[in-house]
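Structure, as structure tokens:
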Amino acid sequence: MASVETAAEHERILREIESTDTNCIGPTLRSVYDGREHGLFMEKLDVRIRNHDREIEKMCNHHFQGFVDSITELLKVRGEAQKLKSQVTETNRRLQDDGKELMGSMEELQLCRVQQRNIATTIDKLTHCLPVLEMYSRLQEQMRAKRYYPALRTLEQLEHTCLPRAGQYRFCSIMAENIPKLRTQIRDTAMTQLRDFLESIRKHSDKIGETAIKQAQLQRSLDSSVSTQPRALIGRRSRKEAATTDGGGHGGSPVSEQDSGILDVEDEEEDDEVPGAQDLVDFSPVYRCLHIYTVLGLRDVFENYYRKQRRKQARLVLQPHSNMHETLEGYRQYFNQIVGFFVVEDHVLHTTQGLVNRAYVEELWELALSKLIAALRTHSSYCDNPDLVLDLKNLIVLFADTLQGYGFPVSQLFDMLLEMREQYGEILLKKWNVTFRQVLDQDNFSPIPVSNEQEYKHYTSQFPLQDPELDKIPFPKKLPFSEFVPKVYCQLKEFIYACLKYSEDLHLSSTEVDDMIRKSTNVLLTRTLSHCLHYAIKKKNVGLAELVQVIINTTHLEQCCHFLEEFISNITNVPPDTANATKLYGTSTFKDARHAAEEEIYTNLNAKIDQFLQLADYDWMAAGQGGGTLEASDYLVDLIAFLKSTFSVFTNLPGTPVEHATLPGKVAQTACMSACKHISTSLMQLLLDPEVRQISVGALHQLNTDVKECEGFARAGPVAGFQGDTLLLAFSDLRQLLELFTQWDWTTYLADYGKPTCKYLRVSPHTALALLEKLFKPMRETSRKNNVFAQFRKTDRDRQKLIDTIIKQLRNLIAQHHA
């Protein structure tokens, strides 16, 4: 079985050797050597080789005759070939001899063709090189002429069009190497010009702004006559004209190639027509640099640099000088710089594509607005001159109108002006406070003498006096009020005018202006003028005549308040009966001042009375004069004479010279009643003074005589208008007390006490007890010293018992009252 398998395997290997490429026979032979039947395989291999040899021999024998025939044919062909070779050699010799001349002509033709081709190639190369040289020459000329944007265009064309066509030449390589250097040179030069431009507009921004503001001011004056003129054209030409004249901000080449950023503004003549702000500025450096950087693919770098530099300049422009608040010129220069800055930015915005955008400009404006308002609030707070504040307000309005014409929102500026209105009002109040005090200090508090019609008209033109009775009096005559009244009325109108001036151009309605003026005038009346009047009234050394004149002055000023209402309505064109209209508080102000003057009259009159009463020197232990007649005390006689003189002068009684103002009737009555009450109270205080421990009956009679003198004064009617014996009521308390003691009518007093019809209704038990103890204190002390002899004086003992009984009953009344 194993031999059969071995034989089959050897047969397979042999077939594989026969059919396989010799390069791949190695693994087959290895399998033979790896086996154990190597000898047997060799034997089979020899057998197979011998078989193949026999087959080869058979095949050769079969084809041998054909091979012999072929050799014979080949020998025949060799002879013919020798003949053909001889013929070809001969033919070739003859052909060579005949073609020598032709070959010479052909070589000459070839040389000519080569020369022709070289000439054509040279012409072609020169055709491509000459434009390069011409363009490079043009580039050098443009660089020398500082026309950098065309030079950059030429450079781009040279690099991308001409040089690739010219081929690889040395001069082309040199040009190609110089192109980046030239491009860098152009970029740096353009940036240098831009820096010069930025520095120039920074230095001249105030002049640019001044021109823009002048143009806006001119436009405002034109708008007043031609209302159809659009405000959008203020300070700026139309977009089409700007784009045409200022250098093609929409991608075209800048027209101007000048290097200066600012035209000659110093020699600008004052013409009737104010030049536009953009007429003063040459923006070509900006356009040129923008185009150059755009071509270089660095537009973003340029935009970022420009915006960064302008932000820095904005911060410098918005930084005010420390002494800006001292003069209006400081504010004007500050505003001019800001306007100049934003005029330039607005022009760049509308004449370039994307160098600055609306968001960037609005961001700068918001920054400027916040810093501007903060600076104005700070510096304006130092100002105490209303004229400077008013000029500053007008300057701010013009500044706001100018920038509003360029499309910038300025509502915050007008809001700030309304805030400054409060500050302006406070400054006005301080100024008018000084003015009112000067008027009061300079006033003589005397009626104004008028000698002729011209003087009368002069005063009535200053103050609306309407007094038909006064008009009937012939000249010379006196106006009832002093110089204070027309001066104060004129100052009130001046204050209203000052308030109106500030309210102009603030875009407020007539109602709002009217309301602001009325509120400010109310503050002036209720605070400033009121304080000044009270200051004048409370001032030391103010006499009764001055106080009386103050009352008359305030009365006339109170009566003129409705004229002030009409005056405000006329200048604001707002009817006084408008709903929710603020009313003037002048009436209450002058009433309060008049009441204060009246109180001061009463106080001064009482103080004068106190001076007389200080001269009172009663002998409280004086003995009675029997049936003799007592006379009033000297001090009281002098006091009554003073009161008669005072009231006769200030009530203009018949027979008295008219040198002072007449005291109004009710005030005179009140003053007279107050004086009488004060005298009565003071005498009562003297009588009940705790330091006066004893009073004699004689002293009581003397006091009774003085009270009768006072009652005689009251009964004589020093002031007209009292009904009956009204003035006598001021002395009723003292009169009833004295009658009780002088008439010794204790039975009636004690019996009728508490009844409405009591004769001594105004005598209180406290007062009666105190005076009774003072009156009979000497009697008690005498009775204690003379106890031994008391039983011999029955009359005195009975009188003492009666007094003790009265005292006891008075104390019971007091206890009942407390209960």
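Residue numbering restarts at 1 for every chain of the structure tokens, chains are lettered A, B, ... in their displayed order, and ligands are numbered from 1 as they appear.
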* Got a sec: who's within 8 Å of A:Glu600, counting only C-alpha atoms, leaving out chain neighbours fewer than 6 positions off, as an NGL selection string? -> :A and (537-538 or 547)
* **Which of A:Ala616, A:Leu727, A:Leu506, A:Leu328 sits closest to A:Gln412 [using only C-alpha atoms]** =>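 Closest candidate: A:Leu506.
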* **Every residue of stretch 314-490 of chain A that DSSP places in alpha helix (DSSP H), as an NGL selection string** => :A and (314-317 or 328-351 or 358-380 or 386-405 or 411-442 or 453-462 or 468-472 or 484-490)
* Asked: Using only C-alpha atoms, which residues sit within 12 Å of A:Asn573 once same-chain residues fewer than 2 positions away are excluded, as a ChimeraX atom specification?
  -> /A:509-515,565-571,575-578
Requested write-out: all heavy atoms of the selected residues, as a compact mmCIF listing (two decimals), in the first residue's frame:
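Dumped everything to result_18.txt:
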# COMPACT_ATOMS: atom_id res chain seq x y z
N SER A 509 -42.83 123.56 24.65
CA SER A 509 -44.09 124.17 24.26
C SER A 509 -44.31 125.45 25.05
O SER A 509 -43.67 125.68 26.09
CB SER A 509 -45.24 123.19 24.52
OG SER A 509 -45.38 122.94 25.91
N SER A 510 -45.22 126.27 24.56
CA SER A 510 -45.52 127.53 25.26
C SER A 510 -46.03 127.27 26.66
O SER A 510 -45.70 128.01 27.60
CB SER A 510 -46.54 128.34 24.45
OG SER A 510 -46.05 128.65 23.17
N THR A 511 -46.79 126.22 26.81
CA THR A 511 -47.31 125.89 28.15
C THR A 511 -46.20 125.52 29.09
O THR A 511 -46.19 125.93 30.27
CB THR A 511 -48.31 124.72 28.03
OG1 THR A 511 -49.33 125.06 27.08
CG2 THR A 511 -48.96 124.44 29.37
N GLU A 512 -45.23 124.73 28.60
CA GLU A 512 -44.10 124.35 29.45
C GLU A 512 -43.26 125.56 29.83
O GLU A 512 -42.83 125.69 30.99
CB GLU A 512 -43.23 123.31 28.73
CG GLU A 512 -43.90 121.95 28.58
CD GLU A 512 -43.08 121.01 27.72
OE1 GLU A 512 -42.51 121.46 26.71
OE2 GLU A 512 -43.02 119.82 28.07
N VAL A 513 -43.04 126.46 28.88
CA VAL A 513 -42.29 127.68 29.18
C VAL A 513 -43.03 128.51 30.20
O VAL A 513 -42.44 129.01 31.18
CB VAL A 513 -42.03 128.48 27.89
CG1 VAL A 513 -41.39 129.83 28.22
CG2 VAL A 513 -41.14 127.68 26.95
N ASP A 514 -44.33 128.66 30.00
CA ASP A 514 -45.15 129.44 30.93
C ASP A 514 -45.09 128.83 32.33
O ASP A 514 -44.93 129.56 33.33
CB ASP A 514 -46.59 129.48 30.42
CG ASP A 514 -47.49 130.30 31.31
OD1 ASP A 514 -47.51 131.53 31.16
OD2 ASP A 514 -48.19 129.70 32.16
N ASP A 515 -45.19 127.52 32.41
CA ASP A 515 -45.16 126.85 33.71
C ASP A 515 -43.80 127.04 34.39
O ASP A 515 -43.73 127.31 35.60
CB ASP A 515 -45.45 125.37 33.52
CG ASP A 515 -45.58 124.63 34.84
OD1 ASP A 515 -46.52 124.94 35.60
OD2 ASP A 515 -44.75 123.74 35.11
N GLU A 565 -49.26 138.44 36.27
CA GLU A 565 -49.88 137.29 35.60
C GLU A 565 -50.10 137.59 34.11
O GLU A 565 -49.77 136.78 33.23
CB GLU A 565 -51.21 136.95 36.26
CG GLU A 565 -51.11 136.48 37.71
CD GLU A 565 -51.15 134.97 37.82
OE1 GLU A 565 -51.11 134.31 36.77
OE2 GLU A 565 -51.20 134.47 38.95
N GLU A 566 -50.66 138.77 33.84
CA GLU A 566 -50.91 139.15 32.45
C GLU A 566 -49.60 139.32 31.68
O GLU A 566 -49.51 138.96 30.49
CB GLU A 566 -51.71 140.46 32.41
CG GLU A 566 -53.13 140.32 32.97
CD GLU A 566 -53.85 141.65 32.99
OE1 GLU A 566 -53.22 142.66 32.58
OE2 GLU A 566 -55.03 141.69 33.40
N PHE A 567 -48.59 139.86 32.34
CA PHE A 567 -47.29 140.06 31.69
C PHE A 567 -46.70 138.71 31.26
O PHE A 567 -46.22 138.56 30.13
CB PHE A 567 -46.35 140.77 32.66
CG PHE A 567 -44.95 140.92 32.13
CD1 PHE A 567 -44.66 141.80 31.11
CD2 PHE A 567 -43.92 140.16 32.67
CE1 PHE A 567 -43.37 141.94 30.63
CE2 PHE A 567 -42.63 140.29 32.18
CZ PHE A 567 -42.35 141.19 31.17
N ILE A 568 -46.76 137.72 32.14
CA ILE A 568 -46.24 136.39 31.80
C ILE A 568 -47.05 135.79 30.66
O ILE A 568 -46.51 135.18 29.73
CB ILE A 568 -46.25 135.48 33.04
CG1 ILE A 568 -45.26 136.01 34.09
CG2 ILE A 568 -45.89 134.05 32.66
CD1 ILE A 568 -45.30 135.25 35.39
N SER A 569 -48.36 135.95 30.72
CA SER A 569 -49.22 135.39 29.67
C SER A 569 -48.93 136.04 28.31
O SER A 569 -48.95 135.36 27.27
CB SER A 569 -50.69 135.58 30.03
OG SER A 569 -51.00 134.89 31.23
N ASN A 570 -48.63 137.32 28.32
CA ASN A 570 -48.36 138.01 27.06
C ASN A 570 -47.05 137.55 26.42
O ASN A 570 -46.97 137.38 25.20
CB ASN A 570 -48.32 139.52 27.29
CG ASN A 570 -49.69 140.09 27.61
OD1 ASN A 570 -50.71 139.51 27.21
ND2 ASN A 570 -49.74 141.19 28.33
N ILE A 571 -46.02 137.33 27.24
CA ILE A 571 -44.73 136.96 26.65
C ILE A 571 -44.66 135.48 26.31
O ILE A 571 -43.82 135.06 25.51
CB ILE A 571 -43.56 137.34 27.58
CG1 ILE A 571 -43.64 136.54 28.90
CG2 ILE A 571 -43.53 138.82 27.83
CD1 ILE A 571 -42.44 136.79 29.79
N PRO A 575 -52.87 131.78 27.65
CA PRO A 575 -53.91 132.49 28.41
C PRO A 575 -53.81 132.17 29.90
O PRO A 575 -53.48 131.04 30.28
CB PRO A 575 -55.21 131.94 27.81
CG PRO A 575 -54.82 131.41 26.47
CD PRO A 575 -53.41 130.92 26.60
N PRO A 576 -54.07 133.16 30.75
CA PRO A 576 -53.94 132.92 32.20
C PRO A 576 -54.96 131.93 32.75
O PRO A 576 -54.75 131.38 33.82
CB PRO A 576 -54.13 134.33 32.80
CG PRO A 576 -54.90 135.08 31.75
CD PRO A 576 -54.47 134.54 30.44
N ASP A 577 -56.07 131.73 32.02
CA ASP A 577 -57.10 130.83 32.52
C ASP A 577 -56.93 129.41 31.98
O ASP A 577 -57.86 128.60 32.01
CB ASP A 577 -58.49 131.36 32.14
CG ASP A 577 -58.62 131.60 30.62
OD1 ASP A 577 -57.59 131.52 29.94
OD2 ASP A 577 -59.74 131.87 30.16
N THR A 578 -55.73 129.09 31.47
CA THR A 578 -55.47 127.75 30.96
C THR A 578 -55.56 126.73 32.09
O THR A 578 -55.16 126.99 33.23
CB THR A 578 -54.06 127.67 30.33
OG1 THR A 578 -53.97 128.67 29.31
CG2 THR A 578 -53.79 126.29 29.73
* **Surrounding residues of stretch 398-409 of chain A excluding itself and chain neighbours under 3 positions, 10 Å, only C-alpha atoms, as a PyMOL selection string** => chain A and resi 209-210+212-217+219-220+230-236+332+335-336+338-340+342-343+346-347+361-362+365-366+369+392-395+412-414+505
* To do: Can you pull out every residue within 9 Å of stretch 120-137 of chain A, counting only C-alpha atoms, but drop anything in the same chain fewer than 2 positions away, and send it as a list in words?
  =>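 These residues fall inside the cut-off: Gln115, Gln116, Arg117, Asn118, Leu139, Gln140, Glu141, Gln142, Thr154, Leu155, Gln157, Leu158, Cys162, Leu163, Arg165, Ala166, Gly167, Cys172 and Met175 of chain A.
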Could those selected residues go to a file with N, CA and C atoms, as a PDB file, in the first residue's frame?
ATOM      1  N   GLN A 115      18.472  81.532 -38.395  1.00  0.00           N
ATOM      2  CA  GLN A 115      18.570  82.979 -38.144  1.00  0.00           C
ATOM      3  C   GLN A 115      17.193  83.639 -38.105  1.00  0.00           C
ATOM      4  N   GLN A 116      16.346  83.204 -39.045  1.00  0.00           N
ATOM      5  CA  GLN A 116      14.986  83.759 -39.071  1.00  0.00           C
ATOM      6  C   GLN A 116      14.244  83.437 -37.788  1.00  0.00           C
ATOM      7  N   ARG A 117      14.396  82.196 -37.334  1.00  0.00           N
ATOM      8  CA  ARG A 117      13.719  81.799 -36.099  1.00  0.00           C
ATOM      9  C   ARG A 117      14.259  82.571 -34.895  1.00  0.00           C
ATOM     10  N   ASN A 118      15.551  82.800 -34.890  1.00  0.00           N
ATOM     11  CA  ASN A 118      16.156  83.546 -33.778  1.00  0.00           C
ATOM     12  C   ASN A 118      15.667  84.997 -33.763  1.00  0.00           C
ATOM     13  N   LEU A 139       6.323 103.345 -13.182  1.00  0.00           N
ATOM     14  CA  LEU A 139       6.268 103.154 -11.731  1.00  0.00           C
ATOM     15  C   LEU A 139       7.230 104.089 -11.015  1.00  0.00           C
ATOM     16  N   GLN A 140       8.442 104.213 -11.564  1.00  0.00           N
ATOM     17  CA  GLN A 140       9.422 105.100 -10.939  1.00  0.00           C
ATOM     18  C   GLN A 140       8.954 106.550 -10.996  1.00  0.00           C
ATOM     19  N   GLU A 141       8.365 106.940 -12.121  1.00  0.00           N
ATOM     20  CA  GLU A 141       7.850 108.306 -12.232  1.00  0.00           C
ATOM     21  C   GLU A 141       6.725 108.556 -11.227  1.00  0.00           C
ATOM     22  N   GLN A 142       5.814 107.591 -11.070  1.00  0.00           N
ATOM     23  CA  GLN A 142       4.707 107.745 -10.122  1.00  0.00           C
ATOM     24  C   GLN A 142       5.224 107.805  -8.688  1.00  0.00           C
ATOM     25  N   THR A 154       0.049 100.137 -10.855  1.00  0.00           N
ATOM     26  CA  THR A 154       1.080  99.782 -11.838  1.00  0.00           C
ATOM     27  C   THR A 154       1.910  98.602 -11.354  1.00  0.00           C
ATOM     28  N   LEU A 155       2.211  98.626 -10.056  1.00  0.00           N
ATOM     29  CA  LEU A 155       3.000  97.537  -9.470  1.00  0.00           C
ATOM     30  C   LEU A 155       2.255  96.212  -9.561  1.00  0.00           C
ATOM     31  N   GLN A 157      -0.045  95.402 -11.768  1.00  0.00           N
ATOM     32  CA  GLN A 157      -0.075  94.989 -13.180  1.00  0.00           C
ATOM     33  C   GLN A 157       1.284  94.459 -13.620  1.00  0.00           C
ATOM     34  N   LEU A 158       2.365  95.100 -13.160  1.00  0.00           N
ATOM     35  CA  LEU A 158       3.712  94.649 -13.496  1.00  0.00           C
ATOM     36  C   LEU A 158       3.977  93.249 -12.959  1.00  0.00           C
ATOM     37  N   CYS A 162       2.765  91.589 -16.602  1.00  0.00           N
ATOM     38  CA  CYS A 162       3.909  91.816 -17.485  1.00  0.00           C
ATOM     39  C   CYS A 162       5.087  90.892 -17.189  1.00  0.00           C
ATOM     40  N   LEU A 163       5.482  90.794 -15.932  1.00  0.00           N
ATOM     41  CA  LEU A 163       6.648  89.974 -15.615  1.00  0.00           C
ATOM     42  C   LEU A 163       6.458  88.499 -15.968  1.00  0.00           C
ATOM     43  N   ARG A 165       4.875  87.269 -18.420  1.00  0.00           N
ATOM     44  CA  ARG A 165       4.984  87.176 -19.876  1.00  0.00           C
ATOM     45  C   ARG A 165       6.419  87.382 -20.348  1.00  0.00           C
ATOM     46  N   ALA A 166       7.205  88.166 -19.611  1.00  0.00           N
ATOM     47  CA  ALA A 166       8.554  88.496 -20.062  1.00  0.00           C
ATOM     48  C   ALA A 166       9.491  87.312 -19.992  1.00  0.00           C
ATOM     49  N   GLY A 167       9.298  86.403 -19.092  1.00  0.00           N
ATOM     50  CA  GLY A 167      10.188  85.258 -18.981  1.00  0.00           C
ATOM     51  C   GLY A 167      11.227  85.458 -17.890  1.00  0.00           C
ATOM     52  N   CYS A 172      14.373  91.015 -14.898  1.00  0.00           N
ATOM     53  CA  CYS A 172      13.043  90.654 -14.376  1.00  0.00           C
ATOM     54  C   CYS A 172      13.147  90.138 -12.956  1.00  0.00           C
ATOM     55  N   MET A 175      13.664  93.090 -10.776  1.00  0.00           N
ATOM     56  CA  MET A 175      12.385  93.788 -10.577  1.00  0.00           C
ATOM     57  C   MET A 175      11.480  93.025  -9.617  1.00  0.00           C
TER      58      MET A 175
END
